[in-house]
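Chemist: Take a look at this one; I'll ask things after.
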Amino acid sequence: MDLSGKKLGEIIVIRNMLTEKDILSALKIKKESGLRLGETLLQKGLITEDNLYLCLAEQSGLDYESKPEFTLKKDFLERIPVKFFNRNLIVPFKTAGKKLYVAITDPLDVLPVDDIRNFFSEYKIVTVLSTADEVRKIIFENIRRPEDSSADGLDNLNPNDFDLLTNTFDETEDILDMANEAPIIKFVNTIITESVTENASDIHIEPYEKNLIIRFRIDGILYQRFDPPKKLQSAIISRIKIMSNLNIAENRLPQDGRIQLKIGKKDIDIRVSVFPTHFGERIVLRILNKSDMSFDLSNLGLSREIMQRFEKVISIPHGITMVTGPTGSGKSTTLYAVLNKIYSPEINILTVEDPIEYQLNGIGQMQVKPKIDLTFAAGLRSILRQDPDVIMVGEIRDVETAEIAVQSALTGHSVFSTIHTNDAASAITRLLDMGVEPFLIASSVNSFIAQRLVRKICPHCKKAYKPAPSLLKELGVKSADSKNLKFYEGKGCEKCFNTGYQGRTGIYELLVVSNSIKKLIIDKSDSDAIKKQAVLEGMVTLLQDGITKAANGITSIDEILRVTV
């Protein structure tokens with residue numbers, strides 16, 4: 001079917017990727033935001049980047065390359081400045097006879113293609129469509145100039161040689177274009193750039209007595225990436241403080257800041273935490289890649305059974321749903337995905353958060369500020385005067401916040417929040433320990449969903465193996481069920497930095513508060529009794545969900561044991 005020339009929304013509907021209602025809703029948001037339809041759909045998590053570009057390729061009559069393979073010689077593109085590729089998200093990647101294949105990300109932007117045509121007039125230019133991430137990856141891995149190297153020559157530099165404090169930082173400037181800045185600035189820029197390229201969630205800058213270590217947290221695990229000279233410690237820390245508008249003269253007290261910048265065309269938000277230690281200030285940078293976030297429930301790793309039950313629970317127009325788990329288990333992402341799922345122009349959704357990690361279109365978000373007594377409880381009281389239909393409270397930390405959330409649910413509001421407990425049933429005892437009355441919990445809470453993040457096995461080096469019977473017994477797998485059961489592991493390869501893992505997904509347990517569980521809550525039963533009853537009623541535990549994902553080759557048994565035992 002030839003779909004070239006048709007509107008993007010029509011193609012998406014024809015391909016059964018979304019409904020007409022979804023497209024009309026996105027068009028309304030598009031009109032308010034000024035974004036393109038495709039950008040709106042991506043931002044709302046309604047479509048994957050692959051599917052969007054497939055439709056764009058059909059619309060423009062181009063071929064789609066999901067993973068273009070760069071086969072040109074290293075010096076082939078030397079005549080073109082690197083920033084040309086970064087700014088236009090366009091890159092030649094192979095030749096075939098007299099044809100030069102060029103990956104582009106925007107079929108409507110023809111001027112950069114004309115420039116390529118002028119640069120390589122001896123070739124016939126063939127354009128193919130690819131995703132922005134793939135084009136950035138090719139540029140970063142294959143077209144970096146020698147002077148872009150982050151650590152080259154740093155041993156020979158003196159911190160006094162850097163004209164650091166006279167350089168101001170423009171948060172709107174693309175750091176990939178700062179090719180002629182002072183060496184220390186280029187080094188910090190490259191640290192951040194490489195962390196984003198490697199999908200790191202955090203950068204740790206750790207000073208010790210005789211050395212300075214820089215580590216990236218990738219898929220929940222820390223890996224050492226740089227070991228710059230100790231003498232550069234003060235310069236690196238000062239540069240980061242300047243970028244995050246912190247006091248560079250203060251080195252005795254903790255400080256918190258924020259950096260907003262662009263890498264390529266990605267919008268990156270970085271939360272900065274400075275912590276004084278015996279050997280100098282330790283810095284952790286939390287990376288939030290706003291351009292790549294897709295808050296879609298179907299992408300979080302919920303099994304079909306849990307997804308169906310969860311969608312039913314969150315559609316109830318009143319009551320509380322709580323997401324539980326330790327720090328870094330993805331609770332906030334789940335909450336954002338829930339809000340994205342239930343969002344409609346007809347309802348008023350308000351949030352109170354600490355901090356606001358991502359801005360959601362069409363949703364009112366309030367930042368907690370304890371220094372001026374704007375706490376979760378105070379923010380929640382104010383929200384109730386704003387006629388909300390749905391309320392999201394970033395975290396329930398105290399009895400005051402919990403009681404206001406309960407009262408909100410009892411007066412007809414739908415409330416979503418998080419609480420720090422190890423499993424779903426323990427959240428009930430946590431609320432009781434806070435001082436919330438049992439009958440209020442029983443009458444207001446609809447469900448608790450506990451979660452953990454586990455690393456996914458690298459698809460490039462995944463191998464099946466038969467686990468030892470003793471391990472299966474430890475996991476609670478019956479011998480009769482284990483005969484044809486296979487598990488998988490990653491052997492390690494270049495694609496996954498020899499870790500055997502690539503990316504993360506979630507494992508979940510959903511406890512729906514039934515009448516029998518309400519009775520247990522009112523009787524102040526312990527969490528074990530509540531969990532036992534929930535399992536009898538069909539609850540899949542975290543361990544069971546993990547074993548299923550391991551048996552399906554998504555993750556490994558070692559990962560499941562790491563996060564559940």
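Identifiers in this document derive from the order of the structure tokens: chains are assigned A, B, ..., residues are numbered from 1 separately in each chain, and ligands are numbered from 1 in order of occurrence.
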Residues at most 8 Å from Glu281 in chain A, counting only C-alpha atoms, excluding those fewer than 6 positions away in the same chain, as a list in words?
Modeler: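 Here the answer would be Glu206, Pro207, Ile237, Asn251, Val274 and Phe275 of chain A.
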Chemist: Would you mind listing what lies within 6 Å of Phe216 in chain A as a JSON list (two decimals) with C-alpha atoms, in the first residue's frame, with only C-alpha atoms counted and same-chain residues fewer than 4 positions away left out?
Modeler:
[["chain", "number", "residue", "atom", "x", "y", "z"],
["A", 200, "ALA", "CA", 23.97, 6.25, 32.49],
["A", 202, "ASP", "CA", 24.19, 8.94, 37.45],
["A", 203, "ILE", "CA", 27.76, 10.27, 37.36],
["A", 222, "LEU", "CA", 28.42, 1.47, 39.00],
["A", 223, "TYR", "CA", 31.29, 1.23, 36.49]]
Chemist: I need the residues of range 28-133 of chain A that end up classed as helix (DSSP H, G or I) by DSSP on the backbone, written out as an NGL selection string.
Modeler: :A and (28-33 or 37-43 or 49-60 or 82-88 or 111-119 or 132-133)
Chemist: With C-alpha atoms retained, export the selected residues as a PDB file, in the first residue's frame.
Modeler:
ATOM      1  CA  LYS A  28      -5.180  19.237  20.572  1.00  0.00           C
ATOM      2  CA  ILE A  29      -1.996  19.061  22.662  1.00  0.00           C
ATOM      3  CA  LYS A  30       0.096  19.789  19.545  1.00  0.00           C
ATOM      4  CA  LYS A  31      -1.880  22.967  18.928  1.00  0.00           C
ATOM      5  CA  GLU A  32      -1.198  24.209  22.470  1.00  0.00           C
ATOM      6  CA  SER A  33       2.473  23.177  22.656  1.00  0.00           C
ATOM      7  CA  LEU A  37       2.478  15.645  15.866  1.00  0.00           C
ATOM      8  CA  GLY A  38       5.274  13.055  15.993  1.00  0.00           C
ATOM      9  CA  GLU A  39       7.057  14.915  18.801  1.00  0.00           C
ATOM     10  CA  THR A  40       3.781  15.129  20.732  1.00  0.00           C
ATOM     11  CA  LEU A  41       3.082  11.403  20.350  1.00  0.00           C
ATOM     12  CA  LEU A  42       6.599  10.541  21.525  1.00  0.00           C
ATOM     13  CA  GLN A  43       6.418  12.920  24.473  1.00  0.00           C
ATOM     14  CA  GLU A  49      10.328   5.974  18.151  1.00  0.00           C
ATOM     15  CA  ASP A  50      10.715   2.996  15.784  1.00  0.00           C
ATOM     16  CA  ASN A  51       7.029   3.005  14.828  1.00  0.00           C
ATOM     17  CA  LEU A  52       6.971   6.778  14.385  1.00  0.00           C
ATOM     18  CA  TYR A  53       9.925   6.738  12.001  1.00  0.00           C
ATOM     19  CA  LEU A  54       8.454   3.805  10.084  1.00  0.00           C
ATOM     20  CA  CYS A  55       5.352   5.924   9.439  1.00  0.00           C
ATOM     21  CA  LEU A  56       7.424   9.003   8.589  1.00  0.00           C
ATOM     22  CA  ALA A  57       9.376   6.901   6.076  1.00  0.00           C
ATOM     23  CA  GLU A  58       6.152   5.738   4.437  1.00  0.00           C
ATOM     24  CA  GLN A  59       4.845   9.287   4.351  1.00  0.00           C
ATOM     25  CA  SER A  60       7.992  10.628   2.686  1.00  0.00           C
ATOM     26  CA  VAL A  82      31.518  17.672  13.333  1.00  0.00           C
ATOM     27  CA  LYS A  83      29.040  20.296  14.541  1.00  0.00           C
ATOM     28  CA  PHE A  84      27.325  20.172  11.127  1.00  0.00           C
ATOM     29  CA  PHE A  85      26.314  16.568  11.842  1.00  0.00           C
ATOM     30  CA  ASN A  86      25.355  17.293  15.441  1.00  0.00           C
ATOM     31  CA  ARG A  87      23.199  20.304  14.641  1.00  0.00           C
ATOM     32  CA  ASN A  88      21.374  18.777  11.673  1.00  0.00           C
ATOM     33  CA  LEU A 111      19.028  22.011   3.186  1.00  0.00           C
ATOM     34  CA  PRO A 112      21.556  19.795   5.041  1.00  0.00           C
ATOM     35  CA  VAL A 113      21.075  17.128   2.348  1.00  0.00           C
ATOM     36  CA  ASP A 114      21.900  19.736  -0.302  1.00  0.00           C
ATOM     37  CA  ASP A 115      25.058  20.598   1.664  1.00  0.00           C
ATOM     38  CA  ILE A 116      26.079  16.932   1.701  1.00  0.00           C
ATOM     39  CA  ARG A 117      25.403  16.787  -2.036  1.00  0.00           C
ATOM     40  CA  ASN A 118      27.746  19.745  -2.553  1.00  0.00           C
ATOM     41  CA  PHE A 119      30.444  18.214  -0.348  1.00  0.00           C
ATOM     42  CA  ALA A 132      17.785  10.532  16.178  1.00  0.00           C
ATOM     43  CA  ASP A 133      19.418   8.186  18.701  1.00  0.00           C
TER      44      ASP A 133
END
Chemist: Could you tell me how far CA of Lys549 in chain A lies from CA of Glu474 in chain A, in Å and to one decimal?
Modeler: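 About the pair CA of Lys549 in chain A and CA of Glu474 in chain A: they are 17.0 Å apart.
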Chemist: Give me, please, the distance in Å between CA of Leu46 in chain A and CA of Ser556 in chain A, quoted to one decimal.
Modeler: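 Here the two named atoms are 29.3 Å from each other.
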Chemist: Enumerate the residues of range 2-137 of chain A with a DSSP assignment of strand (DSSP E or B), computed from the backbone, and present them as a list in words.
Modeler: Asp63, Tyr64, Ile90, Val91, Pro92, Phe93, Lys94, Thr95, Ala96, Lys99, Leu100, Tyr101, Val102, Ala103, Ile104, Lys124, Ile125, Val126, Thr127, Val128 and Leu129 of chain A
Chemist: Could you jot down the CA of Ile139 in chain A to CA of Arg79 in chain A separation for me, Å, one decimal place?
Modeler: 14.5 Å
Chemist: Show me, as a VMD selection string, the residues that have an atom within 12 Å of range 510-516 of chain A when counting only C-alpha atoms, minus same-chain residues fewer than 3 positions from it.
Modeler: chain A and resid 302 to 303 305 to 314 319 to 324 423 to 428 441 to 451 507 519 to 523 525 527 529 to 542 544 to 545
Chemist: If you count only C-alpha atoms, which residues fall within 9 Å of Glu209 in chain A, apart from same-chain ones fewer than 4 positions away, as a list in words?
Modeler: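 My list of contacting residues is Lys230, His278, Phe279 and Gly280 of chain A.
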Chemist: Check the smallest atom-to-atom distance from each of A:Ile457, A:Leu384, A:Leu561, A:Met243 to Asp219 in chain A using only C-alpha atoms, then report the winner.
Modeler: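 Once distances to Asp219 in chain A are computed over only C-alpha atoms, the minimum belongs to A:Ile457.
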Chemist: Could the residues of range 382-466 of chain A that have an atom at most 9 Å from range 483-495 of chain A be listed as a tab-separated table, each with its closest atom pair and the distance in Å to one decimal, counting only C-alpha atoms and ordered by chain and ascending residue number?
Modeler:
residue	atom	partner	partner_atom	distance
A:Ile457	CA	A:Gly490	CA	5.5
A:Cys458	CA	A:Gly490	CA	5.8
A:Pro459	CA	A:Gly490	CA	7.8
A:His460	CA	A:Lys495	CA	7.2
A:Cys461	CA	A:Gly490	CA	5.3
A:Lys462	CA	A:Gly490	CA	4.5
A:Lys463	CA	A:Tyr488	CA	5.5
A:Ala464	CA	A:Tyr488	CA	4.3
A:Tyr465	CA	A:Phe487	CA	5.6
A:Lys466	CA	A:Lys486	CA	5.5
Chemist: Using only C-alpha atoms, which residues sit within 8 Å of Ile391 in chain A once same-chain residues fewer than 3 positions away are excluded, as a list in words?
Modeler: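 The residues that qualify are Ile349, Leu350, Thr351, Ile383, Pro388, His413, Ser414, Val415 and Phe416 of chain A.
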